[in-house]
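For reference, the structure discussed in these notes is given below.
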Number of protein chains: 2
Amino acid sequence: MFDPAAYDRLKSRFARIATLSEAGAMLGWDAAALMPPGGAAARGDQLAVLAGVAHALVTAPEVADDLHAAGTPEDPWEAANLRLMRRDHARATALPADLVEAEARANSACEKIWREARAASDFAQVAPSLKTVLGLVRERAAALSERLKLSPYDALMDSYQPGMLTADVQALFDRYEQFLAAALPRVEERQRKSPPPIRLSGNFPADTQEKLCRSLAARAGLDFNHARLDRSLHPFCSGTPSDVRITMRYDETDPVQSMMAVLHETGHALYERGLPPAWSRQPVGAASGMAAHESQSLILEMQACRSDPFLGWLSTELVAAFKGAGPAWAPSNLARLWRRVERGFIRVDADEMTYPAHVIMRFRLERAMVAGDLAVEDLPGAWAEELNRLLGISPPDDARGCLQDIHWYEGMFGYFPAYTLGAMAAAQLMAAARAVVPELDRALAKGELAPLTNWLHTHVHAHGSRLDFNDLLTEATGRKLDPAAFEAHLSSRYLS
Amino acid sequence: MFDPAAYDRLKSRFARIATLSEAGAMLGWDAAALMPPGGAAARGDQLAVLAGVAHALVTAPEVADDLHAAGTPEDPWEAANLRLMRRDHARATALPADLVEAEARANSACEKIWREARAASDFAQVAPSLKTVLGLVRERAAALSERLKLSPYDALMDSYQPGMLTADVQALFDRYEQFLAAALPRVEERQRKSPPPIRLSGNFPADTQEKLCRSLAARAGLDFNHARLDRSLHPFCSGTPSDVRITMRYDETDPVQSMMAVLHETGHALYERGLPPAWSRQPVGAASGMAAHESQSLILEMQACRSDPFLGWLSTELVAAFKGAGPAWAPSNLARLWRRVERGFIRVDADEMTYPAHVIMRFRLERAMVAGDLAVEDLPGAWAEELNRLLGISPPDDARGCLQDIHWYEGMFGYFPAYTLGAMAAAQLMAAARAVVPELDRALAKGELAPLTNWLHTHVHAHGSRLDFNDLLTEATGRKLDPAAFEAHLSSRYLS
């Protein structure tokens, strides 16, 4: 049974909701990229009202009727679209409006205090606010858990990467822990035997870096008729499929970081740009979750652009742009700078091998917090213990410990796993692409990314959310998420 | 009778509406200032959905009940607020939703064609679209006319400057026509007898001009913690009271224009910044119409900053910024450049004396179009005739004739009078301020605007929309809009 009239009403409604969410995305970009500080309070209200209007549109009584009446379309895209509408509706109606509001207020208050606490490197300052945030997150998790028949933590994780369950993630992460414990000392041993990388010295004007970043993004296929590149405190990619906004930050003492950062954000941007236009503003037309998104940034940044062939090409670009000369500018040294493995305190600065350790510890800690097994005041101690267990180091202070990431302080619990699931998926997709696109590495050696991005377009971007994460990987690579490709990639890059 | 509960419900609702409109303002700014062209279609949808949601909030059935139940508050601010809510509601419910939508579509289509037609200087290209737009405008005017008991044209004008009627405007404009007919030849005669202004020659980098503009805006009291200055094709001021966005354009062959343009936009910005915070997001907390707004930009640009004392100060700033030397940089020549009266084709380039002629002819033409007395295809001829009658010149082509302004092509009929009403009000306010703030001109000679802007804050900005245009002027100056001050100002500046 399928009722096209009911389904069409739903499509219009969800298109309006998505359009409001586009407006919110642009306003969020503006807030991060260029809003004067005095505009913050009003902007918070604007986003809250937009969210409230969208929530009211999803939860309106007639939606339940139409979702029921619509039945089951035959077309697989329409069937998937309706399934995702039902999912959105179930999630939205599971939460009482006053909880949604209380969370918005608490998260925004906590985030503000977190900024000060981080600057002062003093967790105690923000602990009471984090307690409030966590209390509300647990309420949300409980409400979603009941509705979705998932465990509370899974119900949270499901909002970022639908379909992934704790048990699967736990198994993947346990295996990676073992891999890392064996591989990391060996990589470090190899690095010790190689010449240490020489840091570039000099001044590298932000404008020159920006020009290079823009040309890299364009070369990767980003159409600046539908995109902007601006600056902000932390690089990110936001906006809408027809108007993607990337922001970057430039360290004038080091041009090495920004090249990779822009390729990372371009990977996100290409995913948004490549979503199926026929399903624009429909749930099925959106990206298939945050792990899928991260796979697209990491396949560009880590898999393709940190590969030997591409780094060879990129080195000459960098040398030309900055007229670099001397041993620090030798391609072999640049490659060592771009691919240094190091046990560090900061997740966002981590190399691809130790990065999962940062994610694994957060996954354990946030699960314990959501379960009520770890009290907020015990977080710094638990953090130190986990970091020590996984990487054998201890954070020197709270700022480089449990205050470093914004996520928990704005109520995002269950997000972290997506980073590492994405890294694993990126390796798996890259292996699959290499197997069927023979010219891929030859193209990379000429700085050409089209053979890869075309394959990604067909096998990932163009699917929207029709398939969930594991089904997407199965169609593209022949199997669901399998960490073997990621381990093989790391072994090959760092141990062979 | 006053029902505070009903009134409070209305206040919450109108605050939400205003917050949505803030979101729209920021997205509109983004579209004009920096959006990549490929984002235009999606942006149009975002703005349309926001407008649709706001319209639904004003026209919801419970609003009529609450407006009725609320009765009459004793507090004059609350009484004014409720009056304005009733006005918004009457206007919104007068228009059928399908007319609002049809206008949005037609205006957006016509505006696009207008851009091409203007580039090609070919009115015929856009005439059919303008016909559609005008047809819908006339429908809107008829619907509003019936509801508001105003003539159709007055009902349109009322949406930009409430309270002004055709009869009043006609009388003011007739008088100005006579003044201009007598004064303009005399001014031209005097100019012929003075040395002609020497254009500055050289290259004046946009960055240097921007720095100077920023410091002028700050000096006039604009707090950049709550404001930005960016670039766009046409200068404008937009944003929200806590986050004002000014855009400018810089002609690198001429730094004279941008100084005045930024002071103009800063006048608008200070009005928004100075609105009463206690009534933020309430109808009574908004600016009191477009003529009032224009009075604030023009009192800064034309009255204060083109005055002898201020130009004296500004000349030295300009000379210092560009290291100018030679007779072109003499303060007397700069003043001649900044105060040149000339019969021209382009409204936005016009001096303050001939500017009203451009407005008067548009007022006549748009009234005739709305009344059905002037057909779209006859517009170029009527334009030439009117321009010739008022300024004795004929437009050399459509681009410099009836294609020069965007207003009609995006459905704005009834807006033009606000420019000249604002200019007249600015002169009247300046005369009143001078009378009670003795240090005003001495301060201008030092580049200090605070004595003027403080007075404006108290007598204009802080009133929000509590008073309509003429009542505002009466409280501030002792009488309603009276063109005598404007004529006296022009005579004194250009004829004495």
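Quick note on naming: the chains in the structure tokens go A, B, ... in the order shown, residues restart at 1 in each chain, and ligands are numbered from 1 in order of appearance.
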
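Across all paired C-alpha atoms, chain A deviates from chain B by 0.0 Å RMSD after optimal superposition.
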
#### Entry: DSSP alpha helix (DSSP H) residues within region 4-211 of chain A, listed as number ranges by chain
A: 4-33, 40-59, 61-70, 76-94, 97-120, 123-148, 152-157, 166-193, 206-211

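Pairwise distance (CA of Arg138 (chain A), CA of Pro152 (chain A)) equals 7.6 Å.
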
Listing only residues of region 222-318 of chain A within 10 Å of region 195-204 of chain A, what is the closest atom pair and its distance in Å (to one decimal) for each, using only C-alpha atoms, sorted by chain and residue number ascending, as JSON lines?
{"residue": "A:Tyr250", "atom": "CA", "partner": "A:Phe204", "partner_atom": "CA", "distance": 8.9}
{"residue": "A:Asp251", "atom": "CA", "partner": "A:Phe204", "partner_atom": "CA", "distance": 7.8}
{"residue": "A:Glu252", "atom": "CA", "partner": "A:Phe204", "partner_atom": "CA", "distance": 4.7}
{"residue": "A:Thr253", "atom": "CA", "partner": "A:Asn203", "partner_atom": "CA", "distance": 5.4}
{"residue": "A:Asp254", "atom": "CA", "partner": "A:Leu200", "partner_atom": "CA", "distance": 6.7}
{"residue": "A:Pro255", "atom": "CA", "partner": "A:Phe204", "partner_atom": "CA", "distance": 6.3}
{"residue": "A:Val256", "atom": "CA", "partner": "A:Leu200", "partner_atom": "CA", "distance": 8.5}

Got time to write the residues from that selection, C-alpha atoms, as an mmCIF file, in the first residue's frame?
data_model
loop_
_atom_site.group_PDB
_atom_site.id
_atom_site.type_symbol
_atom_site.label_atom_id
_atom_site.label_comp_id
_atom_site.auth_asym_id
_atom_site.auth_seq_id
_atom_site.Cartn_x
_atom_site.Cartn_y
_atom_site.Cartn_z
ATOM 1 C CA TYR A 250 47.039 29.583 8.662
ATOM 2 C CA ASP A 251 50.130 29.261 10.814
ATOM 3 C CA GLU A 252 52.617 31.681 9.306
ATOM 4 C CA THR A 253 55.503 29.704 10.779
ATOM 5 C CA ASP A 254 54.376 26.448 9.139
ATOM 6 C CA PRO A 255 52.722 25.972 5.747
ATOM 7 C CA VAL A 256 52.653 22.187 6.019
#

### Task
Considering only C-alpha atoms, extract the chain A residues located within 9 Å of chain B and return them as an MDAnalysis selection string.
chainID A and resid 16 19:24 26:27 30 34:43 45:47 49:50 53 224:228 240:244

#### Entry: region 383-389 of chain A environment, 8 Å, only C-alpha atoms, sequence neighbours closer than 2 positions dropped, as number ranges by chain
A: 357-358, 361, 365, 379-381, 391-395, 401-402

Please identify all polymer residues within 10 Å of Leu165 (chain A), counting only C-alpha atoms, omitting same-chain residues fewer than 3 positions from it, and present them as a tab-separated table (two decimals) with C-alpha atoms, in the first residue's frame.
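Generated output (result.tsv):
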chain	number	residue	atom	x	y	z
A	150	LEU	CA	18.32	0.91	21.45
A	151	SER	CA	20.56	1.18	24.50
A	153	TYR	CA	24.37	5.22	24.38
A	154	ASP	CA	23.45	3.60	21.07
A	155	ALA	CA	20.47	5.94	20.81
A	157	MET	CA	25.43	7.41	18.64
A	158	ASP	CA	22.57	6.70	16.24
A	161	GLN	CA	25.92	7.62	12.50
A	162	PRO	CA	22.68	5.68	12.15
A	168	ASP	CA	30.22	-3.44	16.65
A	169	VAL	CA	32.24	-0.39	17.56
A	170	GLN	CA	33.66	-2.06	20.63

### Message
From a backbone DSSP assignment, name each residue in region 79-239 of chain A labelled strand (DSSP E or B), as a ChimeraX atom specification.
### Response
/A:227-231,236-239
